[in-house]
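upload.cif follows; it contains mmCIF, C-alpha atoms and all ligand atoms.
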```cif
data_data
loop_
_atom_site.group_PDB
_atom_site.id
_atom_site.type_symbol
_atom_site.label_atom_id
_atom_site.label_comp_id
_atom_site.auth_asym_id
_atom_site.auth_seq_id
_atom_site.Cartn_x
_atom_site.Cartn_y
_atom_site.Cartn_z
ATOM 1 C CA MET A 1 -5.722 -67.295 56.801
ATOM 2 C CA LEU A 2 -2.312 -67.966 55.244
ATOM 3 C CA GLN A 3 -2.443 -69.818 51.900
ATOM 4 C CA HIS A 4 0.760 -71.871 51.537
ATOM 5 C CA ALA A 5 1.974 -73.282 48.185
ATOM 6 C CA ASP A 6 0.603 -76.810 47.706
ATOM 7 C CA PHE A 7 3.524 -79.242 47.261
ATOM 8 C CA TYR A 8 1.280 -82.261 47.839
ATOM 9 C CA PRO A 9 -1.848 -82.091 45.655
ATOM 10 C CA THR A 10 -4.299 -84.838 46.681
ATOM 11 C CA ARG A 11 -8.028 -85.699 46.766
ATOM 12 C CA ASN A 12 -8.066 -85.368 42.991
ATOM 13 C CA GLU A 13 -10.772 -86.458 40.552
ATOM 14 C CA SER A 14 -8.567 -89.259 39.189
ATOM 15 C CA GLU A 15 -5.710 -91.438 40.427
ATOM 16 C CA GLN A 16 -2.302 -89.730 40.284
ATOM 17 C CA ALA A 17 1.094 -91.424 40.607
ATOM 18 C CA MET A 18 2.935 -91.310 43.910
ATOM 19 C CA PHE A 19 6.029 -89.081 44.029
ATOM 20 C CA PRO A 20 8.986 -88.548 46.373
ATOM 21 C CA ARG A 21 8.525 -86.396 49.481
ATOM 22 C CA GLN A 22 9.906 -82.884 49.042
ATOM 23 C CA GLU A 23 11.685 -82.449 52.374
ATOM 24 C CA PRO A 24 14.116 -84.466 54.516
ATOM 25 C CA VAL A 25 12.966 -86.880 57.219
ATOM 26 C CA ILE A 26 15.627 -85.672 59.655
ATOM 27 C CA HIS A 27 15.363 -81.869 59.632
ATOM 28 C CA SER A 28 18.094 -81.069 62.193
ATOM 29 C CA ARG A 29 21.644 -80.331 61.099
ATOM 30 C CA GLY A 30 25.128 -80.596 62.615
ATOM 31 C CA ALA A 31 25.358 -80.287 66.402
ATOM 32 C CA GLN A 32 21.569 -80.117 66.765
ATOM 33 C CA GLN A 33 21.358 -83.605 65.225
ATOM 34 C CA THR A 34 23.829 -85.124 67.692
ATOM 35 C CA ALA A 35 22.622 -83.193 70.761
ATOM 36 C CA GLY A 36 20.009 -85.646 71.958
ATOM 37 C CA PRO A 37 19.292 -89.193 73.158
ATOM 38 C CA LEU A 38 19.100 -90.768 69.689
ATOM 39 C CA GLY A 39 22.329 -92.247 68.395
ATOM 40 C CA LYS A 40 23.317 -92.129 64.708
ATOM 41 C CA SER A 41 22.053 -95.664 64.068
ATOM 42 C CA GLN A 42 18.634 -94.751 65.518
ATOM 43 C CA LEU A 43 18.430 -91.569 63.444
ATOM 44 C CA ASP A 44 19.427 -93.585 60.355
ATOM 45 C CA GLN A 45 16.777 -96.181 61.209
ATOM 46 C CA PHE A 46 14.062 -93.510 61.601
ATOM 47 C CA ASP A 47 15.171 -91.941 58.308
ATOM 48 C CA ARG A 48 15.039 -95.336 56.551
ATOM 49 C CA ASP A 49 11.880 -96.851 58.086
ATOM 50 C CA GLY A 50 9.805 -93.814 59.138
ATOM 51 C CA PHE A 51 9.324 -95.081 62.710
ATOM 52 C CA LEU A 52 11.175 -96.176 65.873
ATOM 53 C CA TRP A 53 9.890 -98.603 68.541
ATOM 54 C CA PHE A 54 11.021 -98.458 72.177
ATOM 55 C CA ASN A 55 9.932 -101.586 74.044
ATOM 56 C CA GLY A 56 9.021 -100.817 77.676
ATOM 57 C CA PHE A 57 10.089 -97.155 77.369
ATOM 58 C CA PHE A 58 7.974 -96.217 80.392
ATOM 59 C CA GLN A 59 7.263 -98.450 83.342
ATOM 60 C CA PRO A 60 3.620 -99.679 83.226
ATOM 61 C CA GLU A 61 2.888 -97.822 86.482
ATOM 62 C CA GLU A 62 3.960 -94.555 84.766
ATOM 63 C CA VAL A 63 1.066 -94.914 82.298
ATOM 64 C CA ASP A 64 -1.515 -96.830 84.362
ATOM 65 C CA SER A 65 -3.250 -93.636 85.498
ATOM 66 C CA PHE A 66 -3.980 -92.662 81.876
ATOM 67 C CA LEU A 67 -5.887 -95.887 81.321
ATOM 68 C CA GLY A 68 -7.760 -95.241 84.565
ATOM 69 C CA GLU A 69 -8.826 -91.807 83.280
ATOM 70 C CA LEU A 70 -10.089 -93.396 80.051
ATOM 71 C CA VAL A 71 -12.082 -96.053 81.949
ATOM 72 C CA THR A 72 -13.617 -93.349 84.187
ATOM 73 C CA MET A 73 -14.561 -91.295 81.139
ATOM 74 C CA ALA A 74 -16.110 -94.295 79.420
ATOM 75 C CA LYS A 75 -18.436 -94.700 82.436
ATOM 76 C CA ASP A 76 -19.540 -91.050 82.342
ATOM 77 C CA PRO A 77 -22.696 -90.841 80.150
ATOM 78 C CA ASN A 78 -22.074 -87.103 79.636
ATOM 79 C CA MET A 79 -18.724 -87.810 77.970
ATOM 80 C CA ARG A 80 -20.357 -89.671 75.083
ATOM 81 C CA ASP A 81 -21.996 -86.528 73.798
ATOM 82 C CA ARG A 82 -18.860 -84.375 73.823
ATOM 83 C CA GLU A 83 -17.590 -83.566 70.329
ATOM 84 C CA GLU A 84 -14.062 -84.648 71.372
ATOM 85 C CA VAL A 85 -15.349 -88.191 72.007
ATOM 86 C CA VAL A 86 -15.783 -90.454 68.956
ATOM 87 C CA MET A 87 -17.946 -93.514 69.601
ATOM 88 C CA ASP A 88 -17.524 -96.671 67.536
ATOM 89 C CA ALA A 89 -20.053 -97.270 64.749
ATOM 90 C CA GLY A 90 -22.413 -99.155 67.080
ATOM 91 C CA ARG A 91 -22.196 -96.345 69.673
ATOM 92 C CA GLU A 92 -21.379 -98.967 72.259
ATOM 93 C CA GLU A 93 -17.762 -98.178 73.013
ATOM 94 C CA ILE A 94 -15.471 -95.160 72.894
ATOM 95 C CA ARG A 95 -13.235 -95.346 69.776
ATOM 96 C CA SER A 96 -11.220 -92.128 70.230
ATOM 97 C CA VAL A 97 -10.991 -89.197 72.608
ATOM 98 C CA PHE A 98 -9.316 -86.007 71.376
ATOM 99 C CA ALA A 99 -7.628 -83.114 73.200
ATOM 100 C CA MET A 100 -7.587 -84.695 76.679
ATOM 101 C CA HIS A 101 -4.374 -82.796 77.384
ATOM 102 C CA GLN A 102 -6.511 -79.675 77.501
ATOM 103 C CA PHE A 103 -8.471 -80.902 80.489
ATOM 104 C CA SER A 104 -5.997 -83.197 82.208
ATOM 105 C CA GLU A 105 -2.762 -81.920 83.751
ATOM 106 C CA ALA A 106 -1.291 -85.454 83.679
ATOM 107 C CA PHE A 107 -1.834 -85.805 79.933
ATOM 108 C CA ASP A 108 -0.452 -82.314 79.268
ATOM 109 C CA ARG A 109 2.652 -83.092 81.359
ATOM 110 C CA MET A 110 3.240 -86.276 79.337
ATOM 111 C CA THR A 111 3.317 -84.282 76.069
ATOM 112 C CA ARG A 112 6.240 -82.276 77.507
ATOM 113 C CA GLU A 113 8.125 -85.338 78.837
ATOM 114 C CA PRO A 114 11.805 -84.470 78.142
ATOM 115 C CA ARG A 115 12.628 -88.131 77.376
ATOM 116 C CA ILE A 116 10.327 -87.773 74.321
ATOM 117 C CA VAL A 117 10.659 -84.082 73.436
ATOM 118 C CA ASP A 118 14.491 -84.295 73.294
ATOM 119 C CA MET A 119 14.167 -86.956 70.573
ATOM 120 C CA ILE A 120 11.560 -84.921 68.695
ATOM 121 C CA HIS A 121 13.819 -81.834 68.717
ATOM 122 C CA GLN A 122 16.684 -83.965 67.412
ATOM 123 C CA ILE A 123 14.559 -85.069 64.415
ATOM 124 C CA LEU A 124 12.468 -81.966 63.661
ATOM 125 C CA GLY A 125 15.279 -79.489 64.325
ATOM 126 C CA SER A 126 13.064 -76.785 65.840
ATOM 127 C CA ASP A 127 10.749 -75.968 68.719
ATOM 128 C CA VAL A 128 7.446 -77.811 68.473
ATOM 129 C CA TYR A 129 3.833 -77.668 69.623
ATOM 130 C CA ILE A 130 1.066 -80.236 69.956
ATOM 131 C CA HIS A 131 -0.884 -80.458 66.709
ATOM 132 C CA GLN A 132 -3.275 -83.186 67.944
ATOM 133 C CA PHE A 133 -3.763 -85.355 71.040
ATOM 134 C CA ARG A 134 -5.923 -88.490 71.065
ATOM 135 C CA ILE A 135 -6.502 -91.803 72.730
ATOM 136 C CA ASN A 136 -7.546 -94.639 70.448
ATOM 137 C CA SER A 137 -9.263 -97.452 72.305
ATOM 138 C CA LYS A 138 -10.227 -100.909 71.045
ATOM 139 C CA THR A 139 -12.159 -102.937 73.572
ATOM 140 C CA GLY A 140 -11.869 -106.720 73.413
ATOM 141 C CA PHE A 141 -13.905 -108.520 70.748
ATOM 142 C CA SER A 142 -15.274 -105.291 69.272
ATOM 143 C CA GLY A 143 -12.724 -102.479 68.823
ATOM 144 C CA GLY A 144 -12.815 -101.337 65.180
ATOM 145 C CA GLY A 145 -9.868 -101.043 62.798
ATOM 146 C CA PHE A 146 -8.378 -98.142 60.824
ATOM 147 C CA GLU A 147 -7.903 -98.147 57.034
ATOM 148 C CA TRP A 148 -4.426 -97.657 55.513
ATOM 149 C CA HIS A 149 -3.582 -93.968 55.422
ATOM 150 C CA SER A 150 -0.940 -91.277 55.809
ATOM 151 C CA ASP A 151 -1.778 -88.898 58.655
ATOM 152 C CA PHE A 152 -0.005 -86.123 56.767
ATOM 153 C CA GLU A 153 -2.368 -86.551 53.785
ATOM 154 C CA THR A 154 -5.295 -85.744 56.101
ATOM 155 C CA TRP A 155 -3.514 -82.993 58.047
ATOM 156 C CA HIS A 156 -2.399 -81.377 54.759
ATOM 157 C CA SER A 157 -5.830 -81.695 53.101
ATOM 158 C CA GLU A 158 -8.133 -80.883 56.017
ATOM 159 C CA ASP A 159 -5.967 -78.881 58.451
ATOM 160 C CA GLY A 160 -3.617 -77.030 56.073
ATOM 161 C CA MET A 161 -0.314 -78.525 57.292
ATOM 162 C CA PRO A 162 2.154 -77.307 54.638
ATOM 163 C CA LYS A 163 5.054 -79.771 54.829
ATOM 164 C CA MET A 164 6.120 -83.110 56.293
ATOM 165 C CA ARG A 165 7.701 -81.880 59.534
ATOM 166 C CA ALA A 166 5.604 -83.588 62.231
ATOM 167 C CA ILE A 167 5.949 -86.760 64.285
ATOM 168 C CA SER A 168 3.406 -88.841 66.211
ATOM 169 C CA ALA A 169 4.424 -90.235 69.588
ATOM 170 C CA SER A 170 2.272 -93.183 70.603
ATOM 171 C CA ILE A 171 2.409 -94.621 74.128
ATOM 172 C CA MET A 172 0.865 -98.060 74.647
ATOM 173 C CA LEU A 173 -1.539 -97.907 77.600
ATOM 174 C CA THR A 174 -2.170 -101.652 77.368
ATOM 175 C CA GLU A 175 -0.048 -104.474 76.059
ATOM 176 C CA ASN A 176 -0.036 -104.437 72.241
ATOM 177 C CA ASN A 177 0.172 -108.036 71.020
ATOM 178 C CA PRO A 178 -0.313 -109.651 67.584
ATOM 179 C CA TYR A 179 -3.969 -110.387 68.407
ATOM 180 C CA ASN A 180 -5.535 -107.170 69.807
ATOM 181 C CA GLY A 181 -5.188 -104.924 66.752
ATOM 182 C CA PRO A 182 -1.685 -103.412 67.006
ATOM 183 C CA LEU A 183 -0.659 -100.585 64.680
ATOM 184 C CA MET A 184 0.758 -101.844 61.355
ATOM 185 C CA LEU A 185 3.234 -99.675 59.452
ATOM 186 C CA ILE A 186 4.867 -99.953 56.030
ATOM 187 C CA PRO A 187 8.601 -99.309 56.504
ATOM 188 C CA GLY A 188 9.915 -96.722 54.027
ATOM 189 C CA SER A 189 6.448 -95.596 52.893
ATOM 190 C CA HIS A 190 7.075 -92.105 54.341
ATOM 191 C CA LYS A 191 9.476 -91.420 51.470
ATOM 192 C CA GLN A 192 6.668 -91.309 48.897
ATOM 193 C CA PHE A 193 3.557 -89.106 48.868
ATOM 194 C CA VAL A 194 0.546 -91.062 47.615
ATOM 195 C CA PRO A 195 -2.184 -88.745 46.247
ATOM 196 C CA CYS A 196 -5.703 -89.950 47.067
ATOM 197 C CA VAL A 197 -8.848 -89.825 44.934
ATOM 198 C CA GLY A 198 -12.084 -88.124 45.953
ATOM 199 C CA ARG A 199 -13.131 -84.660 47.077
ATOM 200 C CA THR A 200 -13.328 -83.941 50.838
ATOM 201 C CA PRO A 201 -16.999 -83.732 51.893
ATOM 202 C CA GLU A 202 -18.201 -80.938 54.209
ATOM 203 C CA GLN A 203 -17.442 -81.799 57.889
ATOM 204 C CA ASN A 204 -15.712 -84.983 56.742
ATOM 205 C CA TRP A 205 -14.271 -85.584 60.219
ATOM 206 C CA LYS A 206 -17.740 -86.502 61.518
ATOM 207 C CA SER A 207 -17.531 -89.735 59.563
ATOM 208 C CA SER A 208 -13.804 -90.172 58.821
ATOM 209 C CA LEU A 209 -12.913 -90.608 62.500
ATOM 210 C CA LYS A 210 -15.323 -93.545 62.686
ATOM 211 C CA SER A 211 -14.519 -95.046 59.305
ATOM 212 C CA GLN A 212 -12.186 -93.367 56.798
ATOM 213 C CA SER A 213 -13.044 -93.566 53.078
ATOM 214 C CA ILE A 214 -11.576 -90.277 51.759
ATOM 215 C CA GLY A 215 -7.794 -90.002 52.032
ATOM 216 C CA VAL A 216 -7.284 -93.769 51.714
ATOM 217 C CA PRO A 217 -4.515 -94.445 49.145
ATOM 218 C CA PRO A 218 -5.167 -96.654 46.095
ATOM 219 C CA ARG A 219 -4.576 -100.339 46.905
ATOM 220 C CA SER A 220 -2.051 -100.566 44.056
ATOM 221 C CA ALA A 221 0.135 -97.977 45.821
ATOM 222 C CA ILE A 222 -0.160 -99.737 49.192
ATOM 223 C CA ALA A 223 0.736 -103.068 47.561
ATOM 224 C CA GLN A 224 3.716 -101.500 45.789
ATOM 225 C CA LEU A 225 5.069 -99.849 48.960
ATOM 226 C CA ALA A 226 4.432 -102.923 51.135
ATOM 227 C CA GLY A 227 6.031 -105.081 48.449
ATOM 228 C CA ASP A 228 9.358 -103.328 48.948
ATOM 229 C CA ASP A 229 9.820 -103.787 52.699
ATOM 230 C CA GLY A 230 6.759 -105.616 53.980
ATOM 231 C CA ILE A 231 4.616 -104.593 56.943
ATOM 232 C CA ALA A 232 5.770 -104.153 60.556
ATOM 233 C CA ALA A 233 3.500 -104.448 63.595
ATOM 234 C CA PRO A 234 5.589 -103.630 66.689
ATOM 235 C CA VAL A 235 4.274 -105.284 69.866
ATOM 236 C CA GLY A 236 5.212 -104.967 73.524
ATOM 237 C CA PRO A 237 4.105 -104.191 77.080
ATOM 238 C CA ALA A 238 2.139 -101.166 78.292
ATOM 239 C CA GLY A 239 4.532 -98.210 78.509
ATOM 240 C CA SER A 240 6.178 -98.997 75.164
ATOM 241 C CA LEU A 241 6.652 -96.001 72.838
ATOM 242 C CA LEU A 242 6.340 -95.697 69.055
ATOM 243 C CA LEU A 243 7.574 -92.608 67.202
ATOM 244 C CA PHE A 244 6.330 -92.464 63.605
ATOM 245 C CA GLU A 245 6.751 -89.896 60.865
ATOM 246 C CA CYS A 246 3.635 -87.990 59.760
ATOM 247 C CA ASN A 247 3.704 -89.585 56.282
ATOM 248 C CA THR A 248 4.353 -93.234 57.202
ATOM 249 C CA LEU A 249 1.467 -95.400 55.940
ATOM 250 C CA HIS A 250 -0.257 -97.203 58.813
ATOM 251 C CA ALA A 251 -3.435 -99.108 59.593
ATOM 252 C CA SER A 252 -4.782 -101.488 62.223
ATOM 253 C CA ASN A 253 -7.151 -104.433 62.276
ATOM 254 C CA ARG A 254 -10.172 -104.701 64.467
ATOM 255 C CA ASN A 255 -9.613 -106.288 67.866
ATOM 256 C CA MET A 256 -10.860 -109.900 67.762
ATOM 257 C CA SER A 257 -9.042 -110.832 70.980
ATOM 258 C CA PRO A 258 -10.514 -110.741 74.502
ATOM 259 C CA TRP A 259 -7.916 -108.151 75.503
ATOM 260 C CA PRO A 260 -8.337 -104.336 75.210
ATOM 261 C CA ARG A 261 -5.883 -102.216 73.211
ATOM 262 C CA ALA A 262 -5.575 -98.544 74.103
ATOM 263 C CA ASN A 263 -2.858 -96.157 72.893
ATOM 264 C CA LEU A 264 -2.119 -92.489 73.500
ATOM 265 C CA PHE A 265 -1.106 -90.479 70.435
ATOM 266 C CA PHE A 266 0.212 -86.954 70.516
ATOM 267 C CA VAL A 267 1.512 -85.220 67.417
ATOM 268 C CA TYR A 268 4.449 -82.802 67.509
ATOM 269 C CA ASN A 269 4.515 -80.280 64.675
ATOM 270 C CA SER A 270 7.408 -77.892 64.035
ATOM 271 C CA VAL A 271 6.642 -74.273 64.940
ATOM 272 C CA ASP A 272 7.963 -73.553 61.419
ATOM 273 C CA ASN A 273 5.219 -75.728 59.872
ATOM 274 C CA GLN A 274 2.091 -74.147 61.289
ATOM 275 C CA LEU A 275 -1.305 -74.682 59.710
ATOM 276 C CA GLY A 276 -2.693 -72.485 56.958
ATOM 277 C CA LYS A 277 -5.774 -72.744 54.771
ATOM 278 C CA PRO A 278 -6.710 -76.418 54.195
ATOM 279 C CA PHE A 279 -5.376 -77.575 50.831
ATOM 280 C CA SER A 280 -8.291 -79.869 49.950
ATOM 281 C CA SER A 281 -11.231 -79.062 52.161
ATOM 282 C CA PRO A 282 -13.862 -76.321 52.280
ATOM 283 C CA LYS A 283 -13.154 -75.249 55.879
ATOM 284 C CA PRO A 284 -10.563 -75.950 58.625
ATOM 285 C CA ARG A 285 -11.388 -78.665 61.156
ATOM 286 C CA PRO A 286 -12.248 -77.827 64.788
ATOM 287 C CA GLU A 287 -9.517 -76.851 67.276
ATOM 288 C CA TYR A 288 -9.762 -80.160 69.195
ATOM 289 C CA LEU A 289 -8.489 -81.952 66.054
ATOM 290 C CA ALA A 290 -5.817 -79.476 64.950
ATOM 291 C CA THR A 291 -4.174 -76.611 66.857
ATOM 292 C CA ARG A 292 -4.583 -73.421 64.791
ATOM 293 C CA PRO A 293 -1.718 -70.834 64.709
ATOM 294 C CA GLN A 294 -3.469 -68.404 67.045
ATOM 295 C CA ASN A 295 -3.331 -71.112 69.757
ATOM 296 C CA VAL A 296 0.234 -72.338 69.194
ATOM 297 C CA GLY A 297 1.972 -69.903 71.563
ATOM 298 C CA ARG A 298 5.784 -70.057 71.667
ATOM 299 C CA GLY A 299 6.197 -73.789 71.294
ATOM 300 C CA PHE A 300 8.705 -75.771 73.380
HETATM 301 O O1 LIG A 401 -8.014 -87.322 60.969
HETATM 302 C C1 LIG A 401 -7.117 -87.394 61.802
HETATM 303 O O2 LIG A 401 -6.460 -86.415 62.202
HETATM 304 C C2 LIG A 401 -6.927 -88.749 62.441
HETATM 305 N N1 LIG A 401 -7.188 -89.820 61.561
HETATM 306 C C3 LIG A 401 -6.449 -90.930 61.534
HETATM 307 C C4 LIG A 401 -7.025 -92.142 60.906
HETATM 308 N N2 LIG A 401 -5.204 -90.977 62.006
HETATM 309 C C5 LIG A 401 -4.633 -89.690 62.400
HETATM 310 C C6 LIG A 401 -5.596 -88.817 63.085
HETATM 311 O O3 LIG A 401 -5.851 -89.160 64.354
HETATM 312 FE FE FE A 402 -3.506 -92.260 61.620
#
```
Represent the structure contained in this file as structure tokens.
Ligand code: 6CS
Ligand code: FE
Amino acid sequence: MLQHADFYPTRNESEQAMFPRQEPVIHSRGAQQTAGPLGKSQLDQFDRDGFLWFNGFFQPEEVDSFLGELVTMAKDPNMRDREEVVMDAGREEIRSVFAMHQFSEAFDRMTREPRIVDMIHQILGSDVYIHQFRINSKTGFSGGGFEWHSDFETWHSEDGMPKMRAISASIMLTENNPYNGPLMLIPGSHKQFVPCVGRTPEQNWKSSLKSQSIGVPPRSAIAQLAGDDGIAAPVGPAGSLLLFECNTLHASNRNMSPWPRANLFFVYNSVDNQLGKPFSSPKPRPEYLATRPQNVGRGF
């Protein structure tokens, strides 16, 4: 397994200072940068904030079927025992389902939706592949939250992702409103890498996907980064789309409202940024969490 140079040391014994990211946010150049649906102001906004929100990007009926598949799965007792299904702490409700695109044609088709992929190409400047696919679901009154974190810090540490050249696309399957635990992001936080303290335990994902404790940045760093530009929590109808950079700090509160919140996430990684040996973990994570190079194919 390829051992890349580690430009982002993390999961150290002691707290280390944050430092600037080592690569651009917008990787495309020249004509490639202008050949796509995003205008210059949108590219500048993504570069500045580390995310873009598209209210009502899809019509609700375009995404309704995905929610239906999730509800059907939640009723199937056999699903609960699949390793791709993460139950909430109380084992009552489904918290996340990974890799559904590998057993649902509709989900796989959505990952190749040109209206999204054209924007991803414009930002990442290369062909891409799906690094991870998940649905995060928060039922009313009980859906749990997610601690502040950078996805890249986990994907670098536990999956061996060398550089920051990946983007998450999140499609809202339900309305996201201020009360049902919408995703919160810190604008501009993607520009700094925040090393985290604490060694990665064996098979960390078996607990981190329920409640993350390793790979959570020091509160002083979160306060400092939030202090600059505050916190954003985009809200909107089912079918809305959020693109966020792999290193943008994000979190979400538990769902205290009566209304469910379910979002699709699929992560595009550049074919020039494929996974190597994990940088801070004993062994790579399973394929349903991170596509290994032998399964990348040509990209698209
Ligand atoms: O470990 C991961 O890959 C997942 N963990 C979080 C909290 N967000 C990104 C990703 O789904
Ligand atoms: Fe995350």
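Among the candidate residues A:Ala31, A:Val194, A:Ile167, A:Val86, the one lying nearest to A:Arg11 is A:Val194, with distances computed using all atoms listed in the file.
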Gap from atom CA of A:Leu289 to atom CA of A:Phe141 - Å, one decimal | 27.5 Å
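Using all atoms listed in the file, the smallest distance between any of A:Ala35, A:Met1, A:Leu183, A:Cys246 and A:His131 comes from A:Cys246.
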Please give me, as a PyMOL selection string, the residues lying within 8 Å of ligand FE 402 (chain A) when counting only C-alpha atoms and all ligand atoms.
-> chain A and resi 146+149-151+250-251
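The list of residues with at least one atom within 10 Å of A:Ala290, based on only C-alpha atoms and without residues fewer than 4 positions apart in the same chain, reads Phe98, Ala99, Ile130, His131, Gln132, Phe133, Trp155, Glu158, Asp159, Gly160, Met161, Val267, Leu275, Pro284, Arg285, Pro286 and Asn295 of chain A.
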Suppose a student applies the PyMOL selection byres (((chain A and resi 97) around 8) and not hetatm) to this structure; what residues should they get, written as a CSV table (one decimal) with C-alpha atoms, keeping the file's coordinate frame?
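As a result, out-v6.csv now contains:
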```csv
chain,number,residue,atom,x,y,z
A,84,GLU,CA,-14.1,-84.6,71.4
A,85,VAL,CA,-15.3,-88.2,72.0
A,86,VAL,CA,-15.8,-90.5,69.0
A,94,ILE,CA,-15.5,-95.2,72.9
A,95,ARG,CA,-13.2,-95.3,69.8
A,96,SER,CA,-11.2,-92.1,70.2
A,98,PHE,CA,-9.3,-86.0,71.4
A,99,ALA,CA,-7.6,-83.1,73.2
A,100,MET,CA,-7.6,-84.7,76.7
A,134,ARG,CA,-5.9,-88.5,71.1
A,135,ILE,CA,-6.5,-91.8,72.7
A,136,ASN,CA,-7.5,-94.6,70.4
```
Taking all atoms listed in the file into account, which of A:Ala221, A:Leu70, A:Leu264, A:Ala5 comes nearest A:Thr111?
-> A:Leu264
Apply the PyMOL selection byres (((chain A and resi 280) around 8) and not hetatm) to the file shown and report the selected residues as an MDAnalysis selection string.
-> chainID A and resid 10:11 156:158 199:200 278:279 281:282
For a cutoff of 9 Å around the file-coordinate point (13.1, -100.8, 56.3), which residues qualify once you count all atoms listed in the file? I'd like the result as a compact mmCIF listing (two decimals) with C-alpha atoms, in the coordinates of the input.
```
# COMPACT_ATOMS: atom_id res chain seq x y z
CA GLN A 45 16.78 -96.18 61.21
CA ARG A 48 15.04 -95.34 56.55
CA ASP A 49 11.88 -96.85 58.09
CA GLY A 50 9.80 -93.81 59.14
CA ILE A 186 4.87 -99.95 56.03
CA PRO A 187 8.60 -99.31 56.50
CA GLY A 188 9.91 -96.72 54.03
CA ASP A 228 9.36 -103.33 48.95
CA ASP A 229 9.82 -103.79 52.70
CA GLY A 230 6.76 -105.62 53.98
```
Find the residues around A:Asn180 up to 6 Å (only C-alpha atoms counted), leave out those fewer than 2 positions away in its own chain, and share them as a PyMOL selection string.
-> chain A and resi 177+255+257
What does the distance between atom CA of A:Gln102 and atom CA of A:Leu173 come to in Å, to one decimal place?
->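 About the pair atom CA of A:Gln102 and atom CA of A:Leu173: they are 18.9 Å apart.
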